[in-house]
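One file, query.pdb, carrying PDB, C-alpha atoms:
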```
ATOM      1  CA  MET H1125       6.440  -5.811  31.811
ATOM      2  CA  ASP H1126       9.112  -6.655  29.249
ATOM      3  CA  PRO H1127       9.719  -3.656  26.926
ATOM      4  CA  SER H1128       9.728  -5.771  23.767
ATOM      5  CA  TRP H1129       6.367  -7.287  24.750
ATOM      6  CA  VAL H1130       4.890  -3.809  25.295
ATOM      7  CA  LEU H1131       6.109  -2.675  21.880
ATOM      8  CA  PHE H1132       4.737  -5.851  20.271
ATOM      9  CA  LEU H1133       1.354  -5.043  21.847
ATOM     10  CA  ALA H1134       1.628  -1.487  20.444
ATOM     11  CA  PHE H1135       2.087  -3.008  16.989
ATOM     12  CA  LEU H1136      -0.847  -5.382  17.523
ATOM     13  CA  ILE H1137      -3.229  -2.616  18.602
ATOM     14  CA  GLY H1138      -2.261  -0.951  15.336
ATOM     15  CA  VAL H1139      -3.280  -4.127  13.505
ATOM     16  CA  ILE H1140      -6.684  -3.815  15.176
ATOM     17  CA  ALA H1141      -6.941  -0.253  13.800
ATOM     18  CA  GLY H1142      -6.158  -1.702  10.386
ATOM     19  CA  LEU H1143      -9.155  -4.007  10.730
ATOM     20  CA  ARG H1144     -11.548  -1.473  12.273
ATOM     21  CA  THR H1145     -10.310   2.097  12.453
ATOM     22  CA  MET H1146     -12.227   3.197  15.533
ATOM     23  CA  THR H1147     -12.053  -0.033  17.520
ATOM     24  CA  ALA H1148      -8.405   0.375  18.532
ATOM     25  CA  PRO H1149      -8.671   3.863  20.066
ATOM     26  CA  THR H1150     -12.007   2.926  21.616
ATOM     27  CA  VAL H1151     -10.626  -0.088  23.479
ATOM     28  CA  VAL H1152      -7.587   1.963  24.558
ATOM     29  CA  ALA H1153      -9.907   4.683  25.874
ATOM     30  CA  TRP H1154     -12.086   2.174  27.715
ATOM     31  CA  ALA H1155      -8.991   0.500  29.171
ATOM     32  CA  ALA H1156      -7.635   3.846  30.372
ATOM     33  CA  ASN H1157     -11.035   4.766  31.796
ATOM     34  CA  ARG H1158     -11.269   1.422  33.612
ATOM     35  CA  HIS H1159      -7.663   1.819  34.875
ATOM     36  CA  TRP H1160      -6.322  -1.174  32.925
ATOM     37  CA  LEU H1161      -3.925   1.198  31.166
ATOM     38  CA  ASN H1162      -2.156   3.948  33.072
ATOM     39  CA  LEU H1163      -2.069   7.053  30.893
ATOM     40  CA  TYR H1164      -1.891   9.491  33.823
ATOM     41  CA  ASN H1165       0.629  12.320  33.534
ATOM     42  CA  SER H1166       1.062  11.666  29.814
ATOM     43  CA  PRO H1167      -0.084  13.630  26.769
ATOM     44  CA  LEU H1168      -2.629  10.824  26.228
ATOM     45  CA  ALA H1169      -4.349  11.130  29.614
ATOM     46  CA  PHE H1170      -7.422  12.592  27.859
ATOM     47  CA  MET H1171      -8.150   9.166  26.376
ATOM     48  CA  GLY H1172      -9.352   7.914  29.752
ATOM     49  CA  SER H1173     -11.935  10.669  30.112
ATOM     50  CA  THR H1174     -15.626   9.879  30.046
ATOM     51  CA  ALA H1175     -16.064  12.235  27.100
ATOM     52  CA  ALA H1176     -13.386  10.465  25.038
ATOM     53  CA  VAL H1177     -14.880   7.068  25.841
ATOM     54  CA  ALA H1178     -18.380   8.230  24.870
ATOM     55  CA  ILE H1179     -17.319   9.899  21.618
ATOM     56  CA  LEU H1180     -15.070   7.038  20.520
ATOM     57  CA  THR H1181     -17.707   4.432  21.390
ATOM     58  CA  VAL H1182     -20.321   6.197  19.251
ATOM     59  CA  LEU H1183     -17.838   6.499  16.379
ATOM     60  CA  ALA H1184     -16.837   2.835  16.680
ATOM     61  CA  LEU H1185     -20.453   1.680  16.662
ATOM     62  CA  GLY H1186     -21.121   3.856  13.635
ATOM     63  CA  GLU H1187     -18.141   2.352  11.855
ATOM     64  CA  LEU H1188     -19.417  -1.160  12.520
ATOM     65  CA  VAL H1189     -22.627  -0.228  10.686
ATOM     66  CA  ILE H1190     -21.017   1.775   7.876
ATOM     67  CA  ASP H1191     -18.551  -1.020   7.100
ATOM     68  CA  LYS H1192     -21.432  -3.235   5.988
ATOM     69  CA  LEU H1193     -22.798  -0.774   3.422
ATOM     70  CA  PRO H1194     -22.058  -1.588  -0.229
ATOM     71  CA  SER H1195     -21.001   2.016  -0.898
ATOM     72  CA  THR H1196     -18.233   1.942   1.743
ATOM     73  CA  PRO H1197     -14.854   2.515   0.072
ATOM     74  CA  ASN H1198     -12.068  -0.032   0.248
ATOM     75  CA  ARG H1199      -9.961   0.204   3.425
ATOM     76  CA  THR H1200      -6.749   0.245   1.380
ATOM     77  CA  ARG H1201      -7.672   3.466  -0.444
ATOM     78  CA  LEU H1202      -5.628   6.454   0.627
ATOM     79  CA  ALA H1203      -8.247   8.281   2.735
ATOM     80  CA  GLY H1204      -9.144   5.190   4.752
ATOM     81  CA  LEU H1205      -5.543   4.163   5.094
ATOM     82  CA  ILE H1206      -4.554   7.574   6.452
ATOM     83  CA  GLY H1207      -7.266   7.439   9.114
ATOM     84  CA  ARG H1208      -6.320   3.913  10.119
ATOM     85  CA  THR H1209      -2.658   4.880  10.293
ATOM     86  CA  VAL H1210      -3.251   7.969  12.435
ATOM     87  CA  LEU H1211      -5.562   6.188  14.867
ATOM     88  CA  GLY H1212      -3.316   3.122  14.925
ATOM     89  CA  GLY H1213      -0.460   5.432  15.883
ATOM     90  CA  LEU H1214      -2.533   7.042  18.638
ATOM     91  CA  SER H1215      -3.536   3.631  19.972
ATOM     92  CA  GLY H1216       0.004   2.257  19.768
ATOM     93  CA  ALA H1217       1.288   5.319  21.616
ATOM     94  CA  GLY H1218      -1.268   4.725  24.369
ATOM     95  CA  VAL H1219      -0.242   1.109  24.803
ATOM     96  CA  ALA H1220       3.458   2.045  24.820
ATOM     97  CA  VAL H1221       2.981   4.806  27.415
ATOM     98  CA  ALA H1222       0.982   2.455  29.634
ATOM     99  CA  GLY H1223       3.911   0.037  29.474
ATOM    100  CA  SER H1224       6.456   2.789  30.281
ATOM    101  CA  GLN H1225       7.882   2.823  26.779
ATOM    102  CA  SER H1226       8.516   5.598  24.273
ATOM    103  CA  ILE H1227       5.393   7.313  23.005
ATOM    104  CA  VAL H1228       7.106   7.920  19.637
ATOM    105  CA  ILE H1229       8.167   4.306  19.135
ATOM    106  CA  GLY H1230       4.693   3.145  20.203
ATOM    107  CA  ALA H1231       3.107   5.511  17.674
ATOM    108  CA  ILE H1232       5.402   4.329  14.874
ATOM    109  CA  LEU H1233       4.699   0.679  15.667
ATOM    110  CA  GLY H1234       0.966   1.357  15.893
ATOM    111  CA  MET H1235       1.078   3.052  12.496
ATOM    112  CA  ALA H1236       2.996   0.143  10.975
ATOM    113  CA  GLY H1237       0.526  -2.304  12.504
ATOM    114  CA  ALA H1238      -2.404  -0.351  11.077
ATOM    115  CA  ILE H1239      -1.000  -0.523   7.562
ATOM    116  CA  ALA H1240      -0.259  -4.234   7.934
ATOM    117  CA  GLY H1241      -3.695  -4.871   9.420
ATOM    118  CA  ALA H1242      -5.496  -2.962   6.678
ATOM    119  CA  PHE H1243      -3.884  -4.895   3.842
ATOM    120  CA  ALA H1244      -3.903  -8.276   5.605
ATOM    121  CA  GLY H1245      -7.497  -7.799   6.755
ATOM    122  CA  TYR H1246      -8.594  -6.894   3.244
ATOM    123  CA  GLU H1247      -6.946  -9.992   1.762
ATOM    124  CA  VAL H1248      -8.192 -12.366   4.457
ATOM    125  CA  ARG H1249     -11.754 -11.067   4.188
ATOM    126  CA  LYS H1250     -11.748 -11.280   0.390
ATOM    127  CA  ARG H1251     -10.319 -14.797   0.413
ATOM    128  CA  LEU H1252     -12.687 -16.053   3.111
ATOM    129  CA  VAL H1253     -15.702 -14.772   1.170
ATOM    130  CA  ARG H1254     -14.458 -16.605  -1.918
ATOM    131  CA  ALA H1255     -13.313 -19.814  -0.186
ATOM    132  CA  LEU H1256     -16.369 -20.226   2.035
ATOM    133  CA  LYS H1257     -18.795 -18.894  -0.570
ATOM    134  CA  ALA H1258     -20.183 -16.788   2.254
ATOM    135  CA  PRO H1259     -21.764 -13.360   1.978
ATOM    136  CA  ASP H1260     -19.343 -10.516   2.652
ATOM    137  CA  PHE H1261     -21.677  -9.358   5.425
ATOM    138  CA  VAL H1262     -21.105 -12.567   7.398
ATOM    139  CA  ILE H1263     -17.317 -12.354   7.076
ATOM    140  CA  ALA H1264     -17.483  -8.660   8.032
ATOM    141  CA  LEU H1265     -19.314  -9.590  11.242
ATOM    142  CA  LEU H1266     -16.621 -12.161  11.977
ATOM    143  CA  GLU H1267     -13.990  -9.483  11.390
ATOM    144  CA  ASP H1268     -15.839  -7.184  13.814
ATOM    145  CA  ALA H1269     -15.683  -9.879  16.482
ATOM    146  CA  VAL H1270     -11.976 -10.488  15.885
ATOM    147  CA  ALA H1271     -11.194  -6.763  16.094
ATOM    148  CA  ILE H1272     -13.175  -6.198  19.291
ATOM    149  CA  ALA H1273     -11.988  -9.347  21.056
ATOM    150  CA  GLY H1274      -8.412  -8.823  19.893
ATOM    151  CA  GLY H1275      -8.388  -5.215  21.055
ATOM    152  CA  LEU H1276      -9.757  -6.145  24.463
ATOM    153  CA  LEU H1277      -7.245  -8.969  24.798
ATOM    154  CA  ILE H1278      -4.357  -6.597  24.025
ATOM    155  CA  VAL H1279      -5.329  -3.913  26.529
ATOM    156  CA  SER H1280      -6.129  -6.459  29.228
ATOM    157  CA  ARG H1281      -2.482  -7.611  29.299
ATOM    158  CA  PHE H1282      -1.480  -4.698  31.555
TER     159      PHE H1282
END
```
What is this file in structure tokens?
Amino acid sequence: MDPSWVLFLAFLIGVIAGLRTMTAPTVVAWAANRHWLNLYNSPLAFMGSTAAVAILTVLALGELVIDKLPSTPNRTRLAGLIGRTVLGGLSGAGVAVAGSQSIVIGAILGMAGAIAGAFAGYEVRKRLVRALKAPDFVIALLEDAVAIAGGLLIVSRF
């Protein structure tokens, strides 16, 4: 696979983390577990374990519920942004390693994608709610679908 394409996918999986923090590492873990991504003999091999898949899946499902609560803080606040950035970096590193690219560059691109995804996702969601006069809940469900489908599309490219 072309190195620039792999690194672009590392950035995009970071964008997914910017939309839904736990979705990106969860789809990477599932992909490694299902042998779509080869993380063997890398520091990220643990992501393909059954335990990692189970834990990340539970956390991702919990996030999908928590995101809909009115008390959930804004994704662009520092605490949420740090989590998205760290997990975007982890996910980007996984995609890069699977494509035989630098783990460090993949992590940096995943982190950058997470920041971009967090701010872009926030703006798109806010504007769609206003433009469509739709409840935030409905747009949040649409965002869930985009994050899950987008994450699966990215990891299925290998």
Please determine, counting all atoms listed in the file, which residue among H:Arg1144, H:Arg1281, H:Lys1250, H:Lys1257 has the shortest atom-to-atom distance to Leu1211 in chain H.
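For Leu1211 in chain H, the nearest of the candidates is H:Arg1144.
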Residue members of the PyMOL selection byres ((chain H and resi 1198) around 12) in the file shown, as a PyMOL selection string: chain H and resi 1142-1143+1190-1197+1199-1205+1242-1243+1245-1247+1249-1250
TODO: Give as a PyMOL selection string the residues that the PyMOL selection byres ((chain H and resi 1156) around 9) matches when applied to the coordinates above.
DONE: chain H and resi 1151-1155+1157-1164+1169+1171-1173+1218+1222+1279
Checklist entry - With distances taken over only C-alpha atoms, which of H:Ser1166, H:Ser1128, H:Leu1265, H:Ala1134 is nearest to Ile1232 in chain H? => result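 Among the listed residues, H:Ala1134 lies closest to Ile1232 in chain H.
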Report as lines of an AutoDock Vina configuration file the centre and the edge lengths, in Å to one decimal, of the axis-aligned box holding every listed atom of range 1200-1212 of chain H, padded by 5 Å on each side.
```
center_x = -5.9
center_y = 4.3
center_z = 7.2
size_x = 16.5
size_y = 18.0
size_z = 25.4
```
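Nearest to Leu1188 in chain H of all the residues H:Ile1239, H:Ala1231, H:Val1130, H:Ala1271 is H:Ala1271, counting all atoms listed in the file.
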TODO: Quick one: residues within 8 Å of (-8.6, -7.6, 14.1) (file frame), counting all atoms listed in the file, please, as a list in words.
DONE: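 Taken together, the residues in range are Val1139, Ile1140, Ala1141, Gly1142, Leu1143, Arg1144, Gly1241, Gly1245, Glu1267, Asp1268, Ala1269, Val1270, Ala1271, Ile1272, Ala1273, Gly1274 and Gly1275 of chain H.
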Exercise. Would you list the residues near (8.9, 5.4, 15.2) (no more than 12 Å away, in the coordinates of the file, using all atoms listed in the file) as a PyMOL selection string?
Key: chain H and resi 1131+1134-1135+1213+1216-1217+1220+1225-1237
Pull C-alpha atoms from the residues just selected and write them as a short mmCIF file (atom, residue, chain, number, x, y, z; two decimals), in the frame of the given file.
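Written out: selection.cif:
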```
data_model
loop_
_atom_site.label_atom_id
_atom_site.label_comp_id
_atom_site.auth_asym_id
_atom_site.auth_seq_id
_atom_site.Cartn_x
_atom_site.Cartn_y
_atom_site.Cartn_z
CA LEU H 1131 6.11 -2.68 21.88
CA ALA H 1134 1.63 -1.49 20.44
CA PHE H 1135 2.09 -3.01 16.99
CA GLY H 1213 -0.46 5.43 15.88
CA GLY H 1216 0.00 2.26 19.77
CA ALA H 1217 1.29 5.32 21.62
CA ALA H 1220 3.46 2.04 24.82
CA GLN H 1225 7.88 2.82 26.78
CA SER H 1226 8.52 5.60 24.27
CA ILE H 1227 5.39 7.31 23.00
CA VAL H 1228 7.11 7.92 19.64
CA ILE H 1229 8.17 4.31 19.14
CA GLY H 1230 4.69 3.14 20.20
CA ALA H 1231 3.11 5.51 17.67
CA ILE H 1232 5.40 4.33 14.87
CA LEU H 1233 4.70 0.68 15.67
CA GLY H 1234 0.97 1.36 15.89
CA MET H 1235 1.08 3.05 12.50
CA ALA H 1236 3.00 0.14 10.98
CA GLY H 1237 0.53 -2.30 12.50
#
```
Students should find that CA of Glu1187 in chain H and CA of Thr1145 in chain H are spaced 7.9 Å
What separates CA of Leu1136 in chain H and CA of Gly1186 in chain H is a distance of 22.6 Å
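With all atoms listed in the file as the atoms that count, the minimum distance from Ser1280 in chain H to the choices H:Val1253, H:Leu1133, H:Val1182, H:Ala1175 is reached by H:Leu1133.
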note - CA of Ile1278 in chain H and CA of Leu1168 in chain H are separated by 17.6 Å
| task | Compare H:Ala1255, H:Pro1127, H:Gly1212, H:Phe1282 by their minimum atom-to-atom distance to Ala1240 in chain H, counting all atoms listed in the file, and give me the closest one. | result |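 Checking each candidate against Ala1240 in chain H, we get H:Gly1212 as the closest.
Shortest separation to Leu1277 in chain H among H:Ala1176, H:Val1210, H:Ile1137, H:Ser1224 occurs at residue H:Ile1137, atoms counted being only C-alpha atoms.
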| message | Using only C-alpha atoms, which protein or nucleic acid residues come within 7 Å of Ala1184 in chain H? Drop anything in the same chain fewer than 6 positions from it, and give the result as a PyMOL selection string. | response | chain H and resi 1146-1147+1150
